[in-house]
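**Student:** Mind looking over this structure? Questions follow.
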Amino acid sequence: MKKRLERLFSLLVAALFFSLIVTSVVHASLEKNRKIDLIYSGNLDGELEPCGCAVGSDLGGILRRATVLDDLRAKEPGLFVISAGGLISSFSVHDHLTAEYILKGIAALSYDAIGVQWQDLAYGADFINQDALPWVTTNGAAIASLATNPTFPRYREVVRDGVTLAFFSWLNPHQSPLQGVPGSQDTTTQTTGIAASLKRANNKGALTVLSTTLSADDAARLLPLENVDILIVKSAYEVYGEPQKIGNTLVIRPGSRGMRLGRLTLTLNTSGAITAHRHSVIELPDAIADAPRLHTWYQAYNERIKQDYLAEVALRKSLRKGKSAYAGAESCRSCHQHEYEVWSKSDHSGAYESLEAVNKSFDPGCIGCHTVAYGKAGGFISIDLTDTLSGVQCESCHGAAAAHATNPAEAAVANREWAAPKMCAQCHVQKHSPDFNFDRYWPHIRHPLR
């Protein structure tokens with residue numbers, strides 16, 4: 001009996017010892033490996049909201065992005081959210097106003113860090129500093145000629161649940177608009193400063209992220225990557241790339257136009273190094289609801305766009321003189337009855353109404369391809385002044401035809417020598433009509449071209 005008790009006691013001690021060992025190993029493993037989630041985005045390129053003309057282009061927008069980020073943060077409070085920058089564009093006179101509201105909208109999304117790109121500085125550094133966004137320019141402290149008070153930090157450190165993320169951003173000096181400008185201060189091409197900063201952050205156990213508009217190959221050649229955990233390279237057009245490795249550096253390539261978000265789930269060891277990763281892309285289709293909390297912001301944006309448009313209408317009205325070179329579809333009808341019937345039953349004829357249905361009949365970014373010759377002399381101005389030129393009409397494709405309507409024998413339509421695909425390509429571009437294929441689309445409006 002005594003021997004049995006002693007044996008039982010020995011077994012219990014052994015089991016307890018084994019349990020302690022297992023617990024210690026598991027505990028050490030938990031301490032050694034930590035998981036974090038990182039949401040990243042690339043260039044927005046001035047796209048505050050998506051084009052809704054086609055399913056393939058109806059992706060993205062700040063309103064949907066806000067909904068997704070709010071949902072993710074509710075589930076993962078320790079989420080890091082960063083952007084490579086490239087938020088605004090400056091290709092048209094209307095882009096300044098859109099840029100203003102993009103900055104306000106992004107500010108409401110509480111990003112942890114945003115890299116500065118040259119296109120973000122199109123209206124000056126003071127302009128993008130108005131909304132207290134977390135900009136970073138590691139090598140761009142000397143852009144004083146673009147600002148009266150440049151305050152972009154060289155890096156940002158963000159701490160979540162005991163994990164530190166150190167974000168750096170490298171402006172490509174060779175893309176600087178200040179190159180060759182006498183007396184201008186430019187970005188440095190020297191990498192000793194950023195190399196030292198990255199090493200310090202790495203030595204402290206921070207997860208180091210470096211964003212740049214360089215390609216992966218150029219970044220590997222020009223930048224010190226030995227202390228970079230994650231490298232964000234130049235955005236691809238719309239689509240996110242699969243992560244790659246350059247040495248120990250994880251390279252990610254976001255997509256442009258704000259149509260998607262990237263997500264990285266990282267496993268880190270105690271020194272902050274990445275031991276494993278899982279990557280996914282979050283689509284932003286129209287099935288995602290607009291964030292109600294940004295409703296006032298979006299209303300204000302549309303009101304400003306509308307006021308600008310009405311001011312433009314008044315100016316164009318005052319400048320009108322002489323006869324228009326555009327006749328309108330009704331003028332074509334008398335000689336081209338069959339073509340008119342085909343057109344009147346097509347989506348082209350109701351293109352302007354489709355804008356009215358979504359409250360976009362005052363948005364210059366939409367009106368151009370939903371009316372005849374908007375922005376051109378004699379073209380569409382407003383539905384009140386030029387209702388005969390609303391919608392996608394004959395002259396949208398074939399060119400101005402008033403002279404031809406008056407004297408068909410002597411005057412041809414402006415685009416008489418154009419092939420049909422070239423006519424379509426005026427509006428059916430990748431940005432607004434990504435799925436366009438002439439052979440598939442043409443049967444919907446097939447008619448004689450002469």
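Labeling convention for the structure tokens: chains A, B, ... as they appear, residues from 1 per chain, ligands from 1 in order of appearance.
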Could you name the residues that touch Val281 (chain A) at 9 Å or less, counting only C-alpha atoms, but leaving out those on the same chain fewer than 2 positions away, as number ranges by chain?
**Tutor:** A: 240, 260-264, 279, 283
**Student:** Got a sec to tell me which of region 175-375 of chain A DSSP assigns to strand (DSSP E), as an NGL selection string?
**Tutor:** :A and (207-212 or 230-232 or 244-246 or 249-252 or 260-268 or 274-283)
**Student:** What's around region 422-425 of chain A at 10 Å? Count only C-alpha atoms, leave out sequence neighbours fewer than 3 positions away in its own chain, and write the answer as a ChimeraX atom specification.
**Tutor:** /A:396-399,415,418-419,428-430,433,436-438,441-442
**Student:** Write a file of the just-selected residues containing C-alpha atoms, as a JSON list (two decimals), in the first residue's frame.
**Tutor:**
[["chain", "number", "residue", "atom", "x", "y", "z"],
["A", 396, "SER", "CA", -20.76, 63.26, -79.45],
["A", 397, "CYS", "CA", -19.27, 60.65, -81.77],
["A", 398, "HIS", "CA", -19.37, 62.14, -85.27],
["A", 399, "GLY", "CA", -18.38, 65.68, -84.32],
["A", 415, "ASN", "CA", -15.17, 63.49, -87.46],
["A", 418, "TRP", "CA", -12.63, 58.75, -87.82],
["A", 419, "ALA", "CA", -12.98, 55.00, -87.43],
["A", 428, "HIS", "CA", -15.05, 54.70, -73.18],
["A", 429, "VAL", "CA", -11.68, 54.91, -71.48],
["A", 430, "GLN", "CA", -10.15, 52.56, -68.90],
["A", 433, "SER", "CA", -15.40, 52.00, -68.85],
["A", 436, "PHE", "CA", -15.32, 48.25, -72.90],
["A", 437, "ASN", "CA", -14.89, 46.06, -75.95],
["A", 438, "PHE", "CA", -15.90, 47.52, -79.29],
["A", 441, "TYR", "CA", -20.64, 47.08, -77.41],
["A", 442, "TRP", "CA", -21.14, 48.05, -81.03]]
**Student:** If we count only C-alpha atoms, what is near region 349-366 of chain A at a cut-off of 12 Å, once residues fewer than 6 positions away on the same chain are taken out, given as a short mmCIF file (atom, residue, chain, number, x, y, z; two decimals) with C-alpha atoms, in the first residue's frame?
**Tutor:**
data_model
loop_
_atom_site.label_atom_id
_atom_site.label_comp_id
_atom_site.auth_asym_id
_atom_site.auth_seq_id
_atom_site.Cartn_x
_atom_site.Cartn_y
_atom_site.Cartn_z
CA GLY A 46 -7.95 62.68 -56.70
CA GLU A 47 -10.78 60.11 -56.72
CA LEU A 48 -13.03 61.20 -53.88
CA GLU A 49 -15.74 58.85 -55.12
CA PRO A 50 -15.92 56.16 -57.82
CA CYS A 51 -17.41 56.50 -61.27
CA GLY A 52 -20.70 54.61 -61.26
CA CYS A 53 -21.03 54.25 -65.01
CA PHE A 91 -5.12 68.05 -63.84
CA SER A 92 -8.24 70.21 -64.12
CA VAL A 93 -9.53 73.47 -62.67
CA HIS A 94 -12.00 71.49 -60.59
CA ASP A 95 -9.35 69.34 -58.90
CA LEU A 97 -11.95 71.87 -54.79
CA THR A 98 -12.02 68.07 -54.88
CA GLN A 299 -23.33 67.02 -48.83
CA TYR A 301 -18.78 68.73 -51.16
CA ASN A 302 -21.66 68.33 -53.62
CA GLU A 303 -23.02 71.76 -52.74
CA ARG A 304 -19.63 73.35 -53.44
CA ILE A 305 -19.36 71.48 -56.74
CA LYS A 306 -22.83 72.66 -57.70
CA GLN A 307 -22.10 76.29 -56.85
CA ASP A 308 -18.92 76.17 -58.92
CA TYR A 309 -20.84 74.69 -61.83
CA LEU A 310 -23.55 77.39 -61.66
CA ALA A 311 -20.86 80.08 -61.65
CA GLU A 312 -19.33 78.44 -64.72
CA VAL A 313 -22.72 78.32 -66.42
CA GLY A 328 -28.42 68.51 -81.96
CA ALA A 329 -29.91 65.11 -82.75
CA GLU A 330 -33.24 66.47 -83.95
CA TYR A 340 -32.11 58.31 -85.05
CA GLU A 341 -34.45 55.46 -84.10
CA VAL A 342 -31.52 53.26 -83.08
CA TRP A 343 -30.06 56.09 -81.01
CA VAL A 372 -22.51 67.03 -76.42
CA TYR A 374 -19.41 70.22 -72.77
CA GLY A 375 -16.58 72.65 -72.18
CA PHE A 380 -23.59 71.98 -73.82
CA ILE A 381 -23.75 74.53 -70.99
CA SER A 382 -26.77 73.59 -68.89
CA ILE A 383 -30.07 71.82 -69.31
CA ASP A 384 -31.89 75.18 -69.18
CA ASP A 387 -31.28 71.15 -73.61
CA THR A 388 -30.95 70.10 -77.28
CA LEU A 389 -27.37 68.99 -76.52
CA SER A 390 -28.06 66.83 -73.47
CA GLY A 391 -27.27 63.13 -73.58
CA VAL A 392 -24.80 61.27 -75.78
CA GLN A 393 -25.95 62.29 -79.25
CA CYS A 394 -24.84 61.91 -82.86
CA GLU A 395 -22.33 64.75 -82.57
CA SER A 396 -20.76 63.26 -79.45
CA CYS A 427 -15.50 58.46 -73.47
CA LYS A 431 -10.97 54.87 -66.01
CA HIS A 432 -14.72 55.03 -66.67
CA ILE A 445 -26.00 50.88 -81.28
#
**Student:** Enumerate the residues of region 287-341 of chain A with a DSSP assignment of alpha helix (DSSP H), computed from the backbone, and present them as a PyMOL selection string.
**Tutor:** chain A and resi 295-319+329-333+337-341
**Student:** Near Asp70 (chain A), within 10 Å and counting only C-alpha atoms, which residues show up once chain neighbours fewer than 6 positions away are dropped, as a list in words?
**Tutor:**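 Near neighbours after the sequence-gap exclusion: Arg64, Glu76, Pro77, Leu109 and Ala291 of chain A.
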**Student:** Could you give me, as a compact mmCIF listing (two decimals) with N, CA and C atoms, in the first residue's frame, the residues within 8 Å of region 204-217 of chain A, counting only C-alpha atoms and dropping anything in the same chain fewer than 6 positions from it?
**Tutor:**
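Resulting contents of out37.txt:
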# COMPACT_ATOMS: atom_id res chain seq x y z
N ALA A 84 0.28 55.31 -48.48
CA ALA A 84 1.47 55.72 -49.22
C ALA A 84 1.35 57.13 -49.77
N GLY A 115 2.32 58.96 -46.29
CA GLY A 115 3.50 59.44 -46.99
C GLY A 115 3.16 60.60 -47.91
N GLN A 117 3.68 62.48 -51.36
CA GLN A 117 4.17 62.35 -52.73
C GLN A 117 4.19 63.73 -53.38
N VAL A 163 3.08 47.19 -29.44
CA VAL A 163 3.84 47.11 -30.69
C VAL A 163 4.04 48.51 -31.24
N THR A 164 5.29 48.83 -31.60
CA THR A 164 5.60 50.13 -32.16
C THR A 164 5.81 50.00 -33.67
N LEU A 165 5.10 50.82 -34.43
CA LEU A 165 5.29 50.90 -35.87
C LEU A 165 5.97 52.23 -36.17
N ALA A 166 7.11 52.18 -36.85
CA ALA A 166 7.84 53.40 -37.24
C ALA A 166 7.69 53.58 -38.75
N PHE A 167 7.06 54.69 -39.17
CA PHE A 167 6.73 54.91 -40.58
C PHE A 167 7.64 55.98 -41.16
N PHE A 168 8.25 55.67 -42.31
CA PHE A 168 9.13 56.59 -43.03
C PHE A 168 8.62 56.73 -44.46
N SER A 169 8.92 57.87 -45.08
CA SER A 169 8.47 58.10 -46.45
C SER A 169 9.57 58.80 -47.24
N TRP A 170 9.91 58.26 -48.41
CA TRP A 170 11.01 58.78 -49.22
C TRP A 170 10.47 59.40 -50.50
N LEU A 171 10.64 60.72 -50.64
CA LEU A 171 10.27 61.42 -51.86
C LEU A 171 11.35 61.17 -52.90
N ASN A 172 10.97 60.74 -54.08
CA ASN A 172 11.94 60.50 -55.14
C ASN A 172 12.50 61.84 -55.64
N LEU A 198 16.37 54.54 -39.48
CA LEU A 198 15.82 53.19 -39.59
C LEU A 198 16.53 52.23 -38.62
N ASN A 227 17.37 47.63 -42.64
CA ASN A 227 16.59 47.77 -41.42
C ASN A 227 15.12 48.10 -41.71
N VAL A 228 14.67 47.76 -42.90
CA VAL A 228 13.28 48.00 -43.31
C VAL A 228 12.51 46.67 -43.26
N ASP A 229 11.49 46.62 -42.45
CA ASP A 229 10.66 45.41 -42.37
C ASP A 229 9.67 45.34 -43.53
N ILE A 230 9.02 46.49 -43.82
CA ILE A 230 8.03 46.54 -44.90
C ILE A 230 8.35 47.71 -45.81
N LEU A 231 8.43 47.45 -47.10
CA LEU A 231 8.66 48.49 -48.11
C LEU A 231 7.40 48.61 -48.96
N ILE A 232 6.83 49.83 -49.00
CA ILE A 232 5.68 50.10 -49.87
C ILE A 232 6.22 50.79 -51.12
N VAL A 233 6.05 50.17 -52.28
CA VAL A 233 6.58 50.73 -53.52
C VAL A 233 5.48 51.40 -54.34
N LYS A 234 5.86 51.92 -55.48
CA LYS A 234 4.96 52.66 -56.36
C LYS A 234 3.67 51.89 -56.64
N SER A 235 2.55 52.57 -56.52
CA SER A 235 1.25 51.93 -56.74
C SER A 235 1.12 51.40 -58.16
N VAL A 251 7.99 43.35 -49.37
CA VAL A 251 7.66 44.42 -50.33
C VAL A 251 6.19 44.30 -50.72
N THR A 270 10.08 38.78 -30.76
CA THR A 270 10.30 39.75 -29.68
C THR A 270 11.13 40.95 -30.13
N SER A 271 11.91 40.79 -31.19
CA SER A 271 12.70 41.92 -31.69
C SER A 271 11.93 42.75 -32.70
N GLY A 272 10.69 42.35 -32.99
CA GLY A 272 9.84 43.10 -33.91
C GLY A 272 9.97 42.66 -35.34
N ALA A 273 10.78 41.62 -35.61
CA ALA A 273 10.95 41.13 -36.97
C ALA A 273 9.75 40.29 -37.40
**Student:** Taking into account only C-alpha atoms, which residue in the set A:Ile36, A:Leu223, A:Val55, A:Ala412 is nearest to Asp435 (chain A)?
**Tutor:**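 Result for the nearest residue to Asp435 (chain A): A:Val55.
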